[in-house]
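One file, run.cif, carrying mmCIF, C-alpha atoms:
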data_work
#
loop_
_atom_site.group_PDB
_atom_site.id
_atom_site.type_symbol
_atom_site.label_atom_id
_atom_site.label_comp_id
_atom_site.auth_asym_id
_atom_site.auth_seq_id
_atom_site.Cartn_x
_atom_site.Cartn_y
_atom_site.Cartn_z
ATOM 1 C CA THR J 258 -7.711 4.595 9.216
ATOM 2 C CA TYR J 259 -6.491 1.703 11.309
ATOM 3 C CA PRO J 260 -5.128 1.608 14.848
ATOM 4 C CA LEU J 261 -1.411 1.069 14.899
ATOM 5 C CA PRO J 262 -0.506 -2.147 16.732
ATOM 6 C CA ARG J 263 1.064 -1.892 20.143
ATOM 7 C CA ARG J 264 4.452 -3.495 20.663
ATOM 8 C CA PRO J 265 7.171 -3.821 23.297
ATOM 9 C CA ALA J 266 9.476 -0.807 23.673
ATOM 10 C CA SER J 267 12.397 -2.339 21.832
ATOM 11 C CA GLY J 268 13.143 -3.051 18.197
ATOM 12 C CA LEU J 269 14.089 -1.647 14.738
ATOM 13 C CA SER J 270 12.205 0.033 11.510
ATOM 14 C CA ASP J 271 11.026 2.815 8.518
ATOM 15 C CA GLN J 272 10.245 4.081 4.960
ATOM 16 C CA LEU J 273 10.289 7.066 2.650
ATOM 17 C CA THR J 274 8.904 10.446 2.030
ATOM 18 C CA GLY J 275 5.360 9.634 3.019
ATOM 19 C CA ALA J 276 2.544 11.987 2.205
ATOM 20 C CA ALA J 277 4.968 14.594 0.961
ATOM 21 C CA ALA J 278 6.196 12.180 -1.692
ATOM 22 C CA LEU J 279 2.643 11.304 -2.670
ATOM 23 C CA ASP J 280 1.578 14.936 -2.771
ATOM 24 C CA SER J 281 4.591 15.881 -4.849
ATOM 25 C CA ARG J 282 3.676 13.208 -7.396
ATOM 26 C CA THR J 283 0.020 14.288 -7.495
ATOM 27 C CA GLY J 284 0.624 18.026 -7.548
ATOM 28 C CA GLY J 285 -0.624 18.386 -3.991
ATOM 29 C CA ARG J 286 -4.206 17.836 -5.154
ATOM 30 C CA ARG J 287 -6.746 15.823 -3.227
ATOM 31 C CA GLY J 288 -9.287 13.688 -5.045
ATOM 32 C CA THR J 289 -12.971 14.564 -5.267
ATOM 33 C CA GLY J 290 -14.345 11.167 -6.146
ATOM 34 C CA THR J 291 -15.555 12.409 -9.543
ATOM 35 C CA ALA J 292 -12.359 11.423 -11.310
ATOM 36 C CA ILE J 293 -9.383 9.254 -10.544
ATOM 37 C CA MET J 294 -5.738 10.087 -10.431
ATOM 38 C CA SER J 295 -3.295 7.496 -11.618
ATOM 39 C CA VAL J 296 0.361 7.616 -10.700
ATOM 40 C CA GLY J 297 2.718 4.866 -11.789
ATOM 41 C CA ARG J 298 6.444 4.307 -11.805
ATOM 42 C CA GLY J 299 7.969 6.587 -14.429
ATOM 43 C CA THR J 300 4.629 8.133 -15.397
ATOM 44 C CA GLU J 301 3.100 11.553 -15.028
ATOM 45 C CA LEU J 302 -0.128 12.297 -13.198
ATOM 46 C CA ARG J 303 -3.148 11.781 -15.387
ATOM 47 C CA ARG J 304 -6.871 12.114 -14.803
ATOM 48 C CA MET J 305 -9.103 9.241 -15.766
ATOM 49 C CA PRO J 306 -12.779 9.350 -16.781
ATOM 50 C CA GLY J 307 -15.393 9.577 -14.026
ATOM 51 C CA ALA J 308 -17.523 6.744 -15.467
ATOM 52 C CA ALA J 309 -20.923 6.896 -13.813
ATOM 53 C CA GLY J 310 -21.406 3.162 -14.361
ATOM 54 C CA TYR J 311 -18.697 2.189 -11.893
ATOM 55 C CA LYS J 312 -21.236 1.639 -9.096
ATOM 56 C CA ALA J 313 -22.640 -1.423 -10.841
ATOM 57 C CA LEU J 314 -19.136 -2.872 -10.930
ATOM 58 C CA CYS J 315 -18.733 -2.126 -7.219
ATOM 59 C CA ASP J 316 -21.959 -4.025 -6.558
ATOM 60 C CA ALA J 317 -20.617 -7.007 -8.489
ATOM 61 C CA VAL J 318 -17.394 -6.878 -6.472
ATOM 62 C CA ALA J 319 -19.341 -6.668 -3.199
ATOM 63 C CA SER J 320 -21.366 -9.742 -4.129
ATOM 64 C CA GLY J 321 -18.305 -11.589 -5.392
ATOM 65 C CA ASP J 322 -19.964 -12.185 -8.752
ATOM 66 C CA ALA J 323 -17.050 -12.650 -11.150
ATOM 67 C CA VAL J 324 -19.272 -13.490 -14.142
ATOM 68 C CA ARG J 325 -21.316 -10.314 -13.765
ATOM 69 C CA LEU J 326 -18.228 -8.214 -13.109
ATOM 70 C CA CYS J 327 -16.561 -9.523 -16.253
ATOM 71 C CA ALA J 328 -19.617 -8.717 -18.381
ATOM 72 C CA LEU J 329 -19.951 -5.227 -16.931
ATOM 73 C CA ALA J 330 -16.244 -4.467 -17.230
ATOM 74 C CA GLN J 331 -16.090 -5.553 -20.861
ATOM 75 C CA ALA J 332 -19.208 -3.543 -21.678
ATOM 76 C CA ASP J 333 -18.010 -0.347 -19.992
ATOM 77 C CA ARG J 334 -14.229 0.030 -20.024
ATOM 78 C CA ALA J 335 -14.444 3.557 -18.612
ATOM 79 C CA ALA J 336 -16.298 2.249 -15.558
ATOM 80 C CA ALA J 337 -13.759 -0.559 -15.182
ATOM 81 C CA ALA J 338 -10.988 2.072 -15.144
ATOM 82 C CA HIS J 339 -12.582 3.929 -12.212
ATOM 83 C CA TRP J 340 -10.599 3.658 -9.000
ATOM 84 C CA LYS J 341 -13.393 2.297 -6.805
ATOM 85 C CA PRO J 342 -14.048 -1.213 -8.191
ATOM 86 C CA VAL J 343 -10.406 -2.292 -8.234
ATOM 87 C CA MET J 344 -9.857 -0.755 -4.794
ATOM 88 C CA ASP J 345 -12.794 -2.709 -3.369
ATOM 89 C CA ALA J 346 -11.624 -5.934 -4.996
ATOM 90 C CA ALA J 347 -8.117 -5.481 -3.576
ATOM 91 C CA PHE J 348 -9.493 -4.753 -0.107
ATOM 92 C CA ALA J 349 -11.601 -7.916 -0.256
ATOM 93 C CA GLY J 350 -8.594 -10.005 -1.228
ATOM 94 C CA ARG J 351 -10.210 -11.172 -4.473
ATOM 95 C CA ALA J 352 -7.386 -11.595 -6.960
ATOM 96 C CA ASP J 353 -9.791 -13.025 -9.540
ATOM 97 C CA LEU J 354 -11.870 -9.846 -9.486
ATOM 98 C CA VAL J 355 -8.803 -7.631 -9.546
ATOM 99 C CA ALA J 356 -7.572 -9.528 -12.608
ATOM 100 C CA ILE J 357 -10.872 -8.972 -14.421
ATOM 101 C CA LEU J 358 -10.660 -5.232 -13.796
ATOM 102 C CA LEU J 359 -7.001 -5.004 -14.796
ATOM 103 C CA ASP J 360 -7.773 -6.869 -18.006
ATOM 104 C CA ALA J 361 -10.504 -4.316 -18.707
ATOM 105 C CA GLY J 362 -8.183 -1.346 -18.235
ATOM 106 C CA ALA J 363 -7.931 -0.643 -14.513
ATOM 107 C CA ASP J 364 -4.595 0.863 -13.458
ATOM 108 C CA PRO J 365 -2.690 -1.155 -10.805
ATOM 109 C CA ASP J 366 -1.356 2.142 -9.416
ATOM 110 C CA VAL J 367 -4.580 4.143 -9.481
ATOM 111 C CA VAL J 368 -4.939 6.529 -6.518
ATOM 112 C CA ALA J 369 -8.321 6.715 -4.785
ATOM 113 C CA GLY J 370 -10.262 9.944 -5.107
ATOM 114 C CA THR J 371 -10.810 10.122 -1.354
ATOM 115 C CA PRO J 372 -8.731 11.811 1.356
ATOM 116 C CA ALA J 373 -7.252 8.423 2.307
ATOM 117 C CA ARG J 374 -5.441 8.306 -1.066
ATOM 118 C CA HIS J 375 -5.170 4.527 -1.246
ATOM 119 C CA THR J 376 -3.733 2.536 -4.116
ATOM 120 C CA PRO J 377 -4.860 -1.056 -4.729
ATOM 121 C CA LEU J 378 -1.564 -2.302 -3.283
ATOM 122 C CA ALA J 379 -1.923 -0.189 -0.145
ATOM 123 C CA ARG J 380 -5.548 -1.279 0.207
ATOM 124 C CA ALA J 381 -4.580 -4.936 0.024
ATOM 125 C CA LEU J 382 -1.800 -4.479 2.582
ATOM 126 C CA GLN J 383 -3.224 -2.009 5.100
ATOM 127 C CA HIS J 384 -3.649 -3.586 8.515
ATOM 128 C CA HIS J 385 -7.085 -3.598 10.174
ATOM 129 C CA THR J 386 -7.418 -5.313 13.555
ATOM 130 C CA THR J 387 -11.086 -6.149 12.909
ATOM 131 C CA ILE J 388 -10.635 -7.299 9.296
ATOM 132 C CA PRO J 389 -7.950 -10.003 9.217
ATOM 133 C CA LYS J 390 -5.916 -10.569 6.093
ATOM 134 C CA HIS J 391 -6.068 -13.951 4.368
ATOM 135 C CA ALA J 392 -4.369 -15.805 1.531
ATOM 136 C CA GLY J 393 -6.434 -13.873 -0.976
ATOM 137 C CA HIS J 394 -4.730 -10.627 -0.022
ATOM 138 C CA ASP J 395 -1.327 -12.165 -0.639
ATOM 139 C CA ALA J 396 -2.582 -13.293 -4.044
ATOM 140 C CA VAL J 397 -3.753 -9.743 -4.788
ATOM 141 C CA VAL J 398 -0.327 -8.340 -3.853
ATOM 142 C CA ALA J 399 1.367 -10.894 -6.112
ATOM 143 C CA LEU J 400 -0.986 -10.122 -9.007
ATOM 144 C CA LEU J 401 -0.629 -6.347 -8.718
ATOM 145 C CA LEU J 402 3.162 -6.575 -8.665
ATOM 146 C CA GLU J 403 3.154 -8.926 -11.642
ATOM 147 C CA ARG J 404 0.916 -6.482 -13.503
ATOM 148 C CA GLY J 405 3.254 -3.555 -12.908
ATOM 149 C CA ALA J 406 2.227 -1.971 -9.615
ATOM 150 C CA ASP J 407 4.945 0.286 -8.226
ATOM 151 C CA PRO J 408 6.435 -1.408 -5.116
ATOM 152 C CA ASP J 409 7.603 1.979 -3.827
ATOM 153 C CA LEU J 410 4.561 4.202 -4.374
ATOM 154 C CA PRO J 411 3.569 5.848 -1.059
ATOM 155 C CA ALA J 412 -0.171 5.962 -0.491
ATOM 156 C CA GLY J 413 -2.958 5.577 2.026
ATOM 157 C CA PRO J 414 -3.818 7.658 5.084
ATOM 158 C CA HIS J 415 -0.316 7.291 6.533
ATOM 159 C CA GLY J 416 1.590 7.991 3.328
ATOM 160 C CA LEU J 417 3.600 4.788 3.646
ATOM 161 C CA ALA J 418 5.257 2.797 0.912
ATOM 162 C CA PRO J 419 3.909 -0.742 0.463
ATOM 163 C CA LEU J 420 6.754 -2.179 2.558
ATOM 164 C CA GLY J 421 5.677 0.083 5.406
ATOM 165 C CA TYR J 422 2.110 -1.221 5.333
ATOM 166 C CA ALA J 423 3.346 -4.793 5.053
ATOM 167 C CA ALA J 424 5.545 -4.274 8.115
ATOM 168 C CA VAL J 425 2.667 -2.801 10.146
ATOM 169 C CA GLY J 426 0.561 -5.851 9.360
ATOM 170 C CA GLY J 427 3.401 -8.309 9.905
ATOM 171 C CA ALA J 428 2.808 -9.615 6.371
ATOM 172 C CA ARG J 429 6.031 -11.534 5.788
ATOM 173 C CA ASN J 430 4.917 -13.075 2.483
ATOM 174 C CA ALA J 431 4.070 -9.647 1.118
ATOM 175 C CA ILE J 432 7.388 -8.269 2.367
ATOM 176 C CA ALA J 433 9.246 -11.021 0.523
ATOM 177 C CA ARG J 434 7.268 -10.353 -2.653
ATOM 178 C CA LEU J 435 7.870 -6.618 -2.514
ATOM 179 C CA ARG J 436 11.592 -7.058 -1.989
ATOM 180 C CA LYS J 437 11.738 -9.570 -4.831
ATOM 181 C CA HIS J 438 10.134 -6.933 -7.064
ATOM 182 C CA GLY J 439 12.789 -4.407 -6.162
ATOM 183 C CA ALA J 440 11.147 -2.383 -3.410
ATOM 184 C CA ALA J 441 13.598 0.278 -2.270
ATOM 185 C CA MET J 442 15.010 0.281 1.240
ATOM 186 C CA ASN J 443 15.999 3.132 3.518
ATOM 187 C CA VAL J 444 16.746 3.594 7.193
ATOM 188 C CA HIS J 445 13.068 3.880 8.095
ATOM 189 C CA LEU J 446 12.033 0.703 6.295
ATOM 190 C CA ALA J 447 15.048 -1.188 7.575
ATOM 191 C CA ALA J 448 13.848 -0.295 11.066
ATOM 192 C CA ALA J 449 10.253 -1.338 10.338
ATOM 193 C CA LEU J 450 11.435 -4.651 8.938
ATOM 194 C CA TYR J 451 13.815 -5.307 11.824
ATOM 195 C CA ASP J 452 16.524 -5.738 9.206
ATOM 196 C CA ARG J 453 19.552 -5.411 11.478
ATOM 197 C CA ALA J 454 22.156 -5.774 8.770
ATOM 198 C CA ALA J 455 20.665 -3.023 6.626
ATOM 199 C CA LEU J 456 19.935 -0.842 9.625
ATOM 200 C CA SER J 457 23.518 -1.120 10.841
ATOM 201 C CA ARG J 458 24.742 0.129 7.481
ATOM 202 C CA TYR J 459 22.359 3.072 7.451
ATOM 203 C CA LEU J 460 23.182 4.047 11.041
ATOM 204 C CA ARG J 461 26.813 4.651 10.138
ATOM 205 C CA ARG J 462 25.625 7.949 8.738
ATOM 206 C CA PRO J 463 25.554 10.582 11.495
ATOM 207 C CA GLN J 464 22.092 11.909 10.642
ATOM 208 C CA ALA J 465 20.427 8.539 10.127
ATOM 209 C CA PRO J 466 19.157 7.833 13.682
ATOM 210 C CA ASN J 467 16.990 10.967 13.625
ATOM 211 C CA ALA J 468 16.234 11.112 9.903
ATOM 212 C CA ARG J 469 12.641 12.147 9.262
ATOM 213 C CA ASP J 470 10.290 11.071 6.512
ATOM 214 C CA GLY J 471 7.738 13.349 4.839
ATOM 215 C CA ARG J 472 5.590 13.283 7.967
ATOM 216 C CA ALA J 473 8.441 13.906 10.387
ATOM 217 C CA ARG J 474 8.638 10.275 11.536
ATOM 218 C CA THR J 475 11.998 8.894 12.614
ATOM 219 C CA PRO J 476 13.253 5.299 12.328
ATOM 220 C CA LEU J 477 12.203 4.793 15.949
ATOM 221 C CA HIS J 478 8.599 5.566 14.995
ATOM 222 C CA TYR J 479 8.790 2.827 12.393
ATOM 223 C CA VAL J 480 10.096 0.377 14.964
ATOM 224 C CA ALA J 481 7.162 1.224 17.208
ATOM 225 C CA PHE J 482 4.424 0.689 14.649
ATOM 226 C CA SER J 483 5.896 -2.375 12.973
ATOM 227 C CA GLY J 484 3.822 -5.492 13.547
ATOM 228 C CA LEU J 485 6.656 -7.947 13.041
ATOM 229 C CA TRP J 486 7.125 -8.303 16.792
ATOM 230 C CA ARG J 487 3.985 -10.485 16.890
ATOM 231 C CA ASP J 488 5.797 -13.582 15.652
ATOM 232 C CA ASP J 489 9.289 -12.540 16.748
ATOM 233 C CA PRO J 490 8.839 -10.788 20.120
ATOM 234 C CA ALA J 491 12.474 -11.176 21.109
ATOM 235 C CA GLY J 492 13.980 -10.565 17.676
ATOM 236 C CA SER J 493 14.319 -6.826 18.121
ATOM 237 C CA ALA J 494 15.498 -6.773 21.698
#

As structure tokens:
Amino acid sequence: TYPLPRRPASGLSDQLTGAAALDSRTGGRRGTGTAIMSVGRGTELRRMPGAAGYKALCDAVASGDAVRLCALAQADRAAAAHWKPVMDAAFAGRADLVAILLDAGADPDVVAGTPARHTPLARALQHHTTIPKHAGHDAVVALLLERGADPDLPAGPHGLAPLGYAAVGGARNAIARLRKHGAAMNVHLAAALYDRAALSRYLRRPQAPNARDGRARTPLHYVAFSGLWRDDPAGSA
């Protein structure tokens, strides 16, 4: 997990049904690492092959060897469809490696078989104070969205939608891309994004200020963990 960034005690922010939404779409099951679960927009849960050869692909991703990864992925499509290689490539911000794996059959919405329950999109967006994001991560986000990744699929240890993770990391380019690809808004995400116009509309509803997501977080929680204050410290005052 990552430490949530600290911010001044003023602002706006939120998103969705969190872990409850993810669990409802995966039947409440947690992964074992021996198989992968893939959940995409408009699709049902499906189990994918375990593919013992996936570790060789992970090694190629770790070394950044695109030529070797391509050869391995083409030779073993089942291994290429395992959740781990594409997750590692997304985390590293290597859009070229992600593309190789997608071409070989990896699912852009695959859910990790670990308790963290990442998707490639969540892995590319999740904020880590000790592992800064770079242009490669933005390229991964763009590629995944272009290849059909669900911009609304909640995932990761905090059960956030992609917009939630982008807000935590202050990733404005990713936020723009997600919204361009139709990412849904709600009172929580409007708060996380410091979107005053949208937030004002949502707050006309009597229950909106204290609305809770699937993990009982209110819009105020989303304001607090948003990272957008870093480059706009007075914008939420």

**Q.** Explicit residues for the PyMOL selection byres ((chain J and resi 338) around 7) (as a PyMOL selection string)
**A.** chain J and resi 334-337+339-340+362-364

Q: For the structure shown, which residues end up in the PyMOL selection byres ((chain J and resi 406) around 10)? Put them as a VMD selection string, please?
A: chain J and resid 296 to 298 364 to 367 376 to 378 398 to 405 407 to 410 438

Q.
I'd like the interatomic distance between atom CA of J:Arg429 and atom CA of J:Leu359, to a tenth of an Å.
A.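 Between atom CA of J:Arg429 and atom CA of J:Leu359 the gap is 25.2 Å.
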
Q.
Between J:Asp452, J:Gly427, J:Ala373, J:Ala313, which residue has the minimum interatomic distance to J:Pro411, considering all atoms listed in the file?
A.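 Going through J:Asp452, J:Gly427, J:Ala373, J:Ala313 one by one, the smallest distance to J:Pro411 is for J:Ala373.
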
Q. Using only C-alpha atoms, which of J:Ser483, J:Thr371, J:Gln383, J:Gln464 sits nearest J:Asp395?
A. J:Gln383

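Computed from the coordinates, the atom CA of J:Ala447 to atom CA of J:Ala381 distance equals 21.4 Å.
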
Q. When distances are computed from all atoms listed in the file, which of J:Gly413, J:Gly310, J:Gly421, J:Gly350 shows the smallest separation from J:Gly393?
A. J:Gly350

Q.
Expand the PyMOL selection byres ((chain J and resi 428) around 10) into the explicit residue set it covers here, and present it as a PyMOL selection string.
A. chain J and resi 382-384+390+394-395+420+422-427+429-433+484-485
